[in-house]
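Enquirer: Input file: structure28.csv. Contents: CSV, C-alpha atoms.
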chain,number,residue,atom,x,y,z
P,1314,MET,CA,48.2,152.0,148.9
P,1315,THR,CA,48.5,155.8,149.2
P,1316,GLU,CA,47.9,156.0,153.0
P,1317,PRO,CA,49.9,154.4,155.9
P,1318,THR,CA,48.2,151.4,157.4
P,1319,ILE,CA,47.0,150.5,160.9
P,1320,ILE,CA,47.7,147.4,163.0
P,1321,GLY,CA,44.6,146.5,164.9
P,1322,LEU,CA,44.1,144.2,167.9
P,1323,ASP,CA,40.7,142.6,168.3
P,1324,VAL,CA,40.8,141.3,171.9
P,1325,GLY,CA,38.1,138.8,172.8
P,1326,GLY,CA,37.6,136.5,175.8
P,1327,THR,CA,38.6,133.5,173.7
P,1328,LYS,CA,40.9,134.8,170.9
P,1329,THR,CA,42.9,137.8,169.9
P,1330,ALA,CA,43.3,138.8,166.3
P,1331,ILE,CA,46.2,141.0,165.0
P,1332,VAL,CA,45.4,142.6,161.7
P,1333,GLU,CA,46.9,145.1,159.3
P,1334,GLY,CA,44.1,147.3,157.9
P,1335,ASP,CA,43.6,149.9,155.3
P,1336,PRO,CA,42.0,153.0,156.9
P,1337,ALA,CA,40.5,154.2,153.7
P,1338,THR,CA,38.6,151.1,152.8
P,1339,GLY,CA,38.5,148.9,155.9
P,1340,ALA,CA,40.2,146.1,153.9
P,1341,THR,CA,42.3,143.6,155.9
P,1342,LEU,CA,45.8,143.2,154.5
P,1343,GLN,CA,47.2,140.7,157.0
P,1344,ARG,CA,45.8,138.7,159.8
P,1345,GLU,CA,47.0,136.3,162.5
P,1346,GLU,CA,45.2,134.9,165.5
P,1347,MET,CA,46.2,133.6,169.0
P,1348,LEU,CA,44.4,132.4,172.1
P,1349,THR,CA,43.8,135.2,174.5
P,1350,GLN,CA,44.2,133.1,177.6
P,1351,ALA,CA,41.9,135.4,179.5
P,1352,GLN,CA,42.8,134.0,183.0
P,1353,VAL,CA,46.5,134.8,182.5
P,1354,PRO,CA,47.7,138.2,183.8
P,1355,PHE,CA,48.0,140.8,181.0
P,1356,ALA,CA,51.7,141.5,181.7
P,1357,GLU,CA,52.4,137.8,181.0
P,1358,ARG,CA,50.6,138.0,177.6
P,1359,VAL,CA,52.3,141.2,176.4
P,1360,PRO,CA,55.4,139.5,175.0
P,1361,ALA,CA,53.3,137.1,172.8
P,1362,ILE,CA,51.0,139.9,171.6
P,1363,ALA,CA,54.0,142.2,170.9
P,1364,ALA,CA,55.7,139.5,168.9
P,1365,GLY,CA,52.6,139.2,166.8
P,1366,ILE,CA,52.5,142.9,166.2
P,1367,ASP,CA,56.2,142.7,165.2
P,1368,ARG,CA,55.4,139.9,162.7
P,1369,VAL,CA,52.6,141.9,161.1
P,1370,ARG,CA,54.6,145.1,161.0
P,1371,ASP,CA,57.5,143.2,159.3
P,1372,GLY,CA,55.1,141.8,156.8
P,1373,ALA,CA,53.8,145.3,156.0
P,1374,GLU,CA,57.3,146.6,155.5
P,1375,ARG,CA,58.2,143.7,153.2
P,1376,ALA,CA,55.2,144.6,151.1
P,1377,GLY,CA,56.3,148.2,150.9
P,1378,ARG,CA,53.7,149.6,153.3
P,1379,ARG,CA,54.2,151.7,156.4
P,1380,VAL,CA,52.3,151.2,159.6
P,1381,ARG,CA,51.4,154.4,161.4
P,1382,ALA,CA,49.4,153.3,164.4
P,1383,ILE,CA,48.2,150.5,166.7
P,1384,SER,CA,44.5,150.4,167.4
P,1385,VAL,CA,43.0,148.2,170.1
P,1386,ALA,CA,39.4,147.1,170.4
P,1387,VAL,CA,38.6,145.3,173.7
P,1388,GLY,CA,35.5,144.7,175.8
P,1389,GLY,CA,35.2,147.0,178.8
P,1390,PRO,CA,34.7,148.7,181.1
P,1391,LEU,CA,37.5,151.1,180.1
P,1392,ARG,CA,38.9,154.5,180.8
P,1393,ILE,CA,39.1,155.2,177.1
P,1394,SER,CA,41.3,158.3,176.9
P,1395,GLU,CA,43.9,156.6,179.2
P,1396,GLY,CA,43.5,153.2,177.5
P,1397,VAL,CA,43.1,151.4,180.9
P,1398,LEU,CA,40.9,148.3,181.2
P,1399,LEU,CA,38.7,148.1,184.3
P,1400,ASP,CA,37.8,144.7,185.7
P,1401,PRO,CA,36.4,143.1,182.5
P,1402,PRO,CA,34.3,140.1,183.3
P,1403,HIS,CA,35.5,138.2,180.2
P,1404,LEU,CA,39.2,139.0,180.8
P,1405,PRO,CA,39.8,138.3,184.5
P,1406,GLY,CA,43.5,138.4,184.1
P,1407,TRP,CA,43.5,141.9,182.6
P,1408,ASN,CA,42.0,143.9,185.4
P,1409,GLY,CA,43.6,147.3,185.4
P,1410,ALA,CA,45.7,146.6,182.3
P,1411,PRO,CA,47.4,149.8,181.0
P,1412,LEU,CA,46.9,148.9,177.3
P,1413,ARG,CA,47.8,152.3,175.8
P,1414,ALA,CA,50.8,152.9,178.0
P,1415,THR,CA,52.1,149.4,177.5
P,1416,PHE,CA,52.0,149.3,173.7
P,1417,ALA,CA,53.2,152.9,173.4
P,1418,ALA,CA,56.3,152.0,175.4
P,1419,ARG,CA,56.9,148.9,173.4
P,1420,PHE,CA,56.3,150.6,170.0
P,1421,PRO,CA,57.5,154.2,170.5
P,1422,GLY,CA,57.3,155.1,166.8
P,1423,LEU,CA,53.5,154.3,166.6
P,1424,ALA,CA,50.5,156.2,167.9
P,1425,VAL,CA,48.3,153.9,170.1
P,1426,HIS,CA,44.6,154.3,170.5
P,1427,VAL,CA,42.2,152.1,172.5
P,1428,GLU,CA,38.4,151.8,172.1
P,1429,HIS,CA,35.7,149.6,173.6
P,1430,ASP,CA,35.0,146.8,171.2
P,1431,GLY,CA,31.3,147.6,171.1
P,1432,ASN,CA,32.0,151.2,170.3
P,1433,ALA,CA,34.6,150.1,167.7
P,1434,GLY,CA,32.0,147.7,166.2
P,1435,ALA,CA,29.4,150.5,166.0
P,1436,LEU,CA,31.9,152.8,164.2
P,1437,ALA,CA,32.9,150.0,161.8
P,1438,GLU,CA,29.2,149.1,161.0
P,1439,PHE,CA,28.3,152.8,160.6
P,1440,ARG,CA,31.2,153.6,158.2
P,1441,PHE,CA,31.9,150.3,156.4
P,1442,GLY,CA,29.0,148.0,157.1
P,1443,VAL,CA,25.3,148.6,157.5
P,1444,GLY,CA,25.8,152.3,157.1
P,1445,ALA,CA,27.4,151.9,153.7
P,1446,THR,CA,24.2,150.4,152.4
P,1447,ARG,CA,21.7,152.7,154.1
P,1448,PRO,CA,22.2,156.3,153.0
P,1449,GLY,CA,21.1,158.8,155.6
P,1450,LEU,CA,21.4,156.3,158.5
P,1451,ARG,CA,21.8,158.3,161.8
P,1452,HIS,CA,20.8,156.0,164.6
P,1453,LEU,CA,22.5,152.6,165.0
P,1454,VAL,CA,23.2,150.2,167.9
P,1455,PHE,CA,25.8,147.5,167.5
P,1456,LEU,CA,25.9,144.4,169.7
P,1457,THR,CA,29.1,142.3,170.0
P,1458,ALA,CA,27.3,139.0,170.8
P,1459,GLY,CA,30.5,136.9,171.0
P,1460,THR,CA,31.7,135.2,174.1
P,1461,GLY,CA,30.3,138.2,176.0
P,1462,LEU,CA,27.7,140.8,175.2
P,1463,GLY,CA,28.4,144.5,174.8
P,1464,GLY,CA,27.6,147.2,172.4
P,1465,GLY,CA,28.0,150.6,170.9
P,1466,ILE,CA,25.7,153.4,170.2
P,1467,ILE,CA,25.6,155.8,167.2
P,1468,ALA,CA,23.2,158.6,167.9
P,1469,ASN,CA,22.6,161.4,165.4
P,1470,GLY,CA,25.6,160.1,163.5
P,1471,ALA,CA,28.1,160.3,166.3
P,1472,LEU,CA,29.5,157.8,168.8
P,1473,LEU,CA,27.9,158.0,172.3
P,1474,ARG,CA,30.4,157.2,175.0
P,1475,GLY,CA,28.6,158.6,178.0
P,1476,ALA,CA,29.8,160.4,181.1
P,1477,SER,CA,32.1,157.6,182.3
P,1478,ASP,CA,32.8,155.8,179.0
P,1479,THR,CA,30.3,153.1,179.8
P,1480,ALA,CA,27.5,153.9,177.4
P,1481,GLY,CA,26.7,150.6,175.5
P,1482,GLU,CA,27.6,148.3,178.4
P,1483,PHE,CA,24.3,146.5,177.7
P,1484,GLY,CA,25.6,143.2,179.0
P,1485,PHE,CA,25.2,144.5,182.6
P,1486,PHE,CA,21.4,144.9,182.2
P,1487,PRO,CA,19.8,142.9,185.1
P,1488,MET,CA,17.4,140.6,183.3
P,1489,ALA,CA,16.7,137.9,185.9
P,1490,THR,CA,16.8,137.5,189.7
P,1491,PRO,CA,20.2,136.0,190.6
P,1492,ALA,CA,20.2,132.9,192.8
P,1493,GLY,CA,22.4,134.7,195.4
P,1494,GLY,CA,25.9,135.8,196.0
P,1495,GLY,CA,27.7,138.9,195.0
P,1496,ASP,CA,28.3,138.3,191.3
P,1497,ARG,CA,27.0,141.4,189.5
P,1498,MET,CA,26.8,139.4,186.2
P,1499,ALA,CA,24.5,136.8,187.7
P,1500,GLY,CA,21.1,137.2,186.0
P,1501,SER,CA,22.6,139.8,183.6
P,1502,TRP,CA,21.8,140.1,179.9
P,1503,ASP,CA,25.3,138.9,179.2
P,1504,SER,CA,24.8,135.7,181.2
P,1505,LEU,CA,21.6,134.9,179.2
P,1506,ALA,CA,22.1,136.1,175.6
P,1507,SER,CA,25.9,136.0,174.9
P,1508,GLY,CA,27.9,133.0,173.6
P,1509,SER,CA,28.5,132.1,177.3
P,1510,GLY,CA,24.8,132.4,177.9
P,1511,LEU,CA,24.1,130.1,174.9
P,1512,LEU,CA,26.4,127.4,176.5
P,1513,ARG,CA,24.8,128.0,179.9
P,1514,HIS,CA,21.3,127.4,178.4
P,1515,ALA,CA,22.6,124.2,176.6
P,1516,GLN,CA,24.0,122.9,179.9
P,1517,ALA,CA,20.8,123.6,181.7
P,1518,MET,CA,18.4,122.2,179.1
P,1519,TYR,CA,20.5,119.2,178.0
P,1520,PRO,CA,23.0,118.5,180.7
P,1521,GLU,CA,23.6,114.9,179.6
P,1522,ARG,CA,24.8,116.2,176.2
P,1523,TRP,CA,26.5,119.5,176.8
P,1524,GLY,CA,27.7,119.3,180.4
P,1525,GLY,CA,31.3,119.0,181.3
P,1526,ALA,CA,33.8,120.0,178.5
P,1527,ALA,CA,31.3,121.2,175.9
P,1528,THR,CA,32.0,124.6,174.2
P,1529,ILE,CA,30.1,127.4,172.6
P,1530,ARG,CA,31.4,126.2,169.3
P,1531,ASP,CA,30.0,122.7,169.9
P,1532,VAL,CA,26.5,124.1,170.3
P,1533,VAL,CA,26.7,126.5,167.4
P,1534,ALA,CA,28.0,123.8,165.1
P,1535,ALA,CA,25.1,121.6,166.0
P,1536,ALA,CA,22.6,124.4,165.4
P,1537,LEU,CA,24.1,125.0,162.0
P,1538,ARG,CA,23.3,121.3,161.3
P,1539,ASP,CA,19.7,122.1,162.3
P,1540,ASP,CA,20.0,119.7,165.3
P,1541,ALA,CA,16.7,120.0,167.1
P,1542,GLN,CA,18.1,120.3,170.6
P,1543,ALA,CA,20.7,122.9,169.5
P,1544,LEU,CA,18.0,124.9,167.8
P,1545,ALA,CA,15.9,124.9,171.0
P,1546,VAL,CA,18.9,126.3,172.8
P,1547,VAL,CA,19.5,129.0,170.2
P,1548,ARG,CA,15.8,129.9,170.3
P,1549,ARG,CA,15.9,130.4,174.1
P,1550,THR,CA,19.0,132.5,173.7
P,1551,GLY,CA,17.4,134.5,171.0
P,1552,GLU,CA,14.3,135.2,173.1
P,1553,TRP,CA,16.6,136.5,175.9
P,1554,LEU,CA,18.4,138.6,173.3
P,1555,GLY,CA,15.0,140.0,172.3
P,1556,ARG,CA,14.2,140.9,175.9
P,1557,GLY,CA,17.2,143.1,176.1
P,1558,MET,CA,16.7,144.6,172.7
P,1559,THR,CA,13.3,145.7,173.8
P,1560,LEU,CA,14.9,148.0,176.4
P,1561,ILE,CA,17.3,149.3,173.8
P,1562,VAL,CA,14.6,149.9,171.1
P,1563,THR,CA,12.2,151.6,173.5
P,1564,ALA,CA,14.9,153.8,175.1
P,1565,LEU,CA,17.1,154.7,172.2
P,1566,ASN,CA,14.8,154.3,169.2
P,1567,PRO,CA,17.5,153.2,166.7
P,1568,GLU,CA,16.9,152.6,163.0
P,1569,VAL,CA,19.1,149.5,163.1
P,1570,ILE,CA,20.4,147.0,165.6
P,1571,ALA,CA,23.4,145.2,164.0
P,1572,VAL,CA,24.4,142.0,165.8
P,1573,GLY,CA,27.9,140.7,165.5
P,1574,THR,CA,29.4,137.2,165.8
P,1575,LEU,CA,26.4,135.0,166.9
P,1576,GLY,CA,24.1,137.1,164.8
P,1577,VAL,CA,26.3,136.7,161.7
P,1578,VAL,CA,26.9,132.9,162.2
P,1579,LEU,CA,23.4,131.9,163.3
P,1580,GLY,CA,21.4,134.5,161.4
P,1581,ASP,CA,17.6,134.0,161.7
P,1582,ARG,CA,18.0,131.0,163.9
P,1583,LEU,CA,18.9,133.5,166.6
P,1584,LEU,CA,17.5,136.8,165.3
P,1585,ALA,CA,14.0,135.6,164.4
P,1586,PRO,CA,13.0,134.9,168.0
P,1587,ALA,CA,14.6,138.1,169.1
P,1588,ARG,CA,12.6,140.1,166.5
P,1589,ALA,CA,9.4,138.4,167.7
P,1590,ILE,CA,10.0,139.4,171.3
P,1591,VAL,CA,10.8,143.0,170.3
P,1592,ALA,CA,7.7,143.2,168.1
P,1593,ALA,CA,5.5,141.9,171.0
P,1594,THR,CA,7.0,143.9,173.9
P,1595,ALA,CA,8.8,147.1,172.7
P,1596,LEU,CA,7.1,150.4,172.2
P,1597,PRO,CA,5.2,149.7,168.9
P,1598,ALA,CA,6.4,152.8,166.9
P,1599,ALA,CA,10.0,152.2,168.0
P,1600,ALA,CA,9.8,148.5,167.1
P,1601,ARG,CA,8.5,149.2,163.7
P,1602,ALA,CA,11.3,151.7,163.0
P,1603,CYS,CA,14.1,149.3,163.9
P,1604,ALA,CA,15.6,146.7,161.7
P,1605,ILE,CA,17.4,143.9,163.6
P,1606,VAL,CA,20.1,142.5,161.3
P,1607,PRO,CA,23.4,140.6,161.3
P,1608,ALA,CA,26.4,142.9,161.1
P,1609,GLY,CA,26.8,144.1,157.6
P,1610,LEU,CA,30.5,143.4,157.7
P,1611,GLY,CA,29.8,139.7,158.4
P,1612,ASP,CA,32.7,137.8,159.8
P,1613,ARG,CA,35.0,140.7,159.0
P,1614,ILE,CA,33.4,142.9,161.8
P,1615,GLY,CA,36.1,142.1,164.4
P,1616,ASP,CA,38.9,142.8,162.0
P,1617,VAL,CA,37.5,146.2,160.8
P,1618,ALA,CA,36.5,147.2,164.4
P,1619,ALA,CA,40.1,146.5,165.4
P,1620,ILE,CA,41.4,149.5,163.4
P,1621,MET,CA,38.5,151.9,164.2
P,1622,ALA,CA,40.0,153.5,167.3
P,1623,SER,CA,42.8,155.0,165.2
P,1624,ILE,CA,40.5,155.9,162.3
P,1625,ALA,CA,38.2,157.7,164.7
P,1626,ALA,CA,41.1,159.5,166.4
P,1627,ASP,CA,42.1,161.0,163.1
P,1628,ALA,CA,38.6,162.0,162.0
Written as structure tokens, that's how I'd like the structure from this file.

Expert:
Amino acid sequence: MTEPTIIGLDVGGTKTAIVEGDPATGATLQREEMLTQAQVPFAERVPAIAAGIDRVRDGAERAGRRVRAISVAVGGPLRISEGVLLDPPHLPGWNGAPLRATFAARFPGLAVHVEHDGNAGALAEFRFGVGATRPGLRHLVFLTAGTGLGGGIIANGALLRGASDTAGEFGFFPMATPAGGGDRMAGSWDSLASGSGLLRHAQAMYPERWGGAATIRDVVAAALRDDAQALAVVRRTGEWLGRGMTLIVTALNPEVIAVGTLGVVLGDRLLAPARAIVAATALPAAARACAIVPAGLGDRIGDVAAIMASIAADA
């Protein structure tokens, strides 16, 4: 190691990973994981997260490495420069969480940077994933496709954040007419094509099997066994994924859509029906120009994305 390392937080609706990463190569040097407990107020989770950071930092020091920064990747919406989280649907206890200020106060010797997890994933794929295998790549969209659905946009080789830091909040696309009420996520792309959407489809299609205490992991595990019912659920989810991709492909004309988590785990079980929808419904020239692939970093995407806020800040 010739360069100080970065501690990254990959904060998801289900789990939070704390990693030590090499900014030169993207390699993960240490990793630990804890439940996010998304309903619990952020302030109550800070001690456990800070203790995890301390353990990883201590491990780095014992190995003779120096940590220089903390990098946070978390689903939005966010005020990125301030590092403040704004009413995230998958982290109800973290509304208004001052991420940057909190960790800067707790770790005064370390720079702290915060980025939307979709943006961080796009940066990771562009630098260390799909982009590393496609010389000349300039236009990429990354989709998180985990518990929730968000994304990031690389346009002309640069990250696109938008006027209010909300570019890439694809999960809010209204895709179906909600049944009623004031929930802005009802009928959204997130509700139909994310991991939560996958479980929602399973419960609707096969309530006797996946009602009650069933989890996303239960449905995914069954699909990986090629269980017929689970594959039908994945196919429906993939078709909804493709409907949203059609909007992205037609509007942004990317060369690649890289799909994290579910795209990596389920592969063509999920992505083949999505590709079919895009081919049938998107602007034809744009559809032909776009490859829809699992994230090139595979199951490492979250770990690498976790350190990208700090890498990008130093670029």

Enquirer: Hey, which of P:Gly1431, P:Gly1510, P:Pro1360, P:Gly1339 ends up closest to Leu1473 (chain P)? Count only C-alpha atoms.

Expert: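 For Leu1473 (chain P), the nearest of the candidates is P:Gly1431.
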
Enquirer: Fewer than 2 positions away in the same chain doesn't count, so skip those; otherwise give me all residues within 12 Å of Arg1522 (chain P), counting all atoms listed in the file, as number ranges by chain.

Expert: P: 1512, 1514-1520, 1524-1528, 1531-1532, 1535, 1542-1543

Enquirer: Within 12 Å of (41.3, 146.8, 151.5) in the file's own coordinates, which protein, DNA or RNA residues have an atom, counting all atoms listed in the file? List them as a PyMOL selection string.

Expert: chain P and resi 1314-1316+1318-1319+1332-1343+1441+1613+1616-1617

Enquirer: Residues proximal to (48.0, 141.9, 180.4) were defined as those with any atom within 9 Å of that point in the file's coordinates, counting all atoms listed in the file. Which are they, as an mmCIF file with C-alpha atoms, in the frame of the given file?

Expert:
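Okay, this is what ended up in out-v9.cif:
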data_model
loop_
_atom_site.group_PDB
_atom_site.id
_atom_site.type_symbol
_atom_site.label_atom_id
_atom_site.label_comp_id
_atom_site.auth_asym_id
_atom_site.auth_seq_id
_atom_site.Cartn_x
_atom_site.Cartn_y
_atom_site.Cartn_z
ATOM 1 C CA ALA P 1351 41.900 135.400 179.500
ATOM 2 C CA VAL P 1353 46.500 134.800 182.500
ATOM 3 C CA PRO P 1354 47.700 138.200 183.800
ATOM 4 C CA PHE P 1355 48.000 140.800 181.000
ATOM 5 C CA ALA P 1356 51.700 141.500 181.700
ATOM 6 C CA GLU P 1357 52.400 137.800 181.000
ATOM 7 C CA ARG P 1358 50.600 138.000 177.600
ATOM 8 C CA VAL P 1359 52.300 141.200 176.400
ATOM 9 C CA GLY P 1406 43.500 138.400 184.100
ATOM 10 C CA TRP P 1407 43.500 141.900 182.600
ATOM 11 C CA ASN P 1408 42.000 143.900 185.400
ATOM 12 C CA GLY P 1409 43.600 147.300 185.400
ATOM 13 C CA ALA P 1410 45.700 146.600 182.300
ATOM 14 C CA PRO P 1411 47.400 149.800 181.000
ATOM 15 C CA LEU P 1412 46.900 148.900 177.300
#

Enquirer: State, in Å with one decimal place, the distance from CA of Ala1587 (chain P) to CA of Leu1554 (chain P).

Expert: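 Atom-to-atom, CA of Ala1587 (chain P) and CA of Leu1554 (chain P) are spaced 5.7 Å apart.
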
Enquirer: Provide the CA of Phe1455 (chain P) to CA of His1426 (chain P) distance in Å, to one decimal place.

Expert: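 Those two atoms sit 20.2 Å apart.
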
Enquirer: Between P:Gly1325, P:Gly1500, P:Gly1434, P:Gly1389, which one has atoms that come closest to Ala1625 (chain P), using only C-alpha atoms?

Expert: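 Between P:Gly1325, P:Gly1500, P:Gly1434, P:Gly1389, the residue approaching Ala1625 (chain P) most closely is P:Gly1434.
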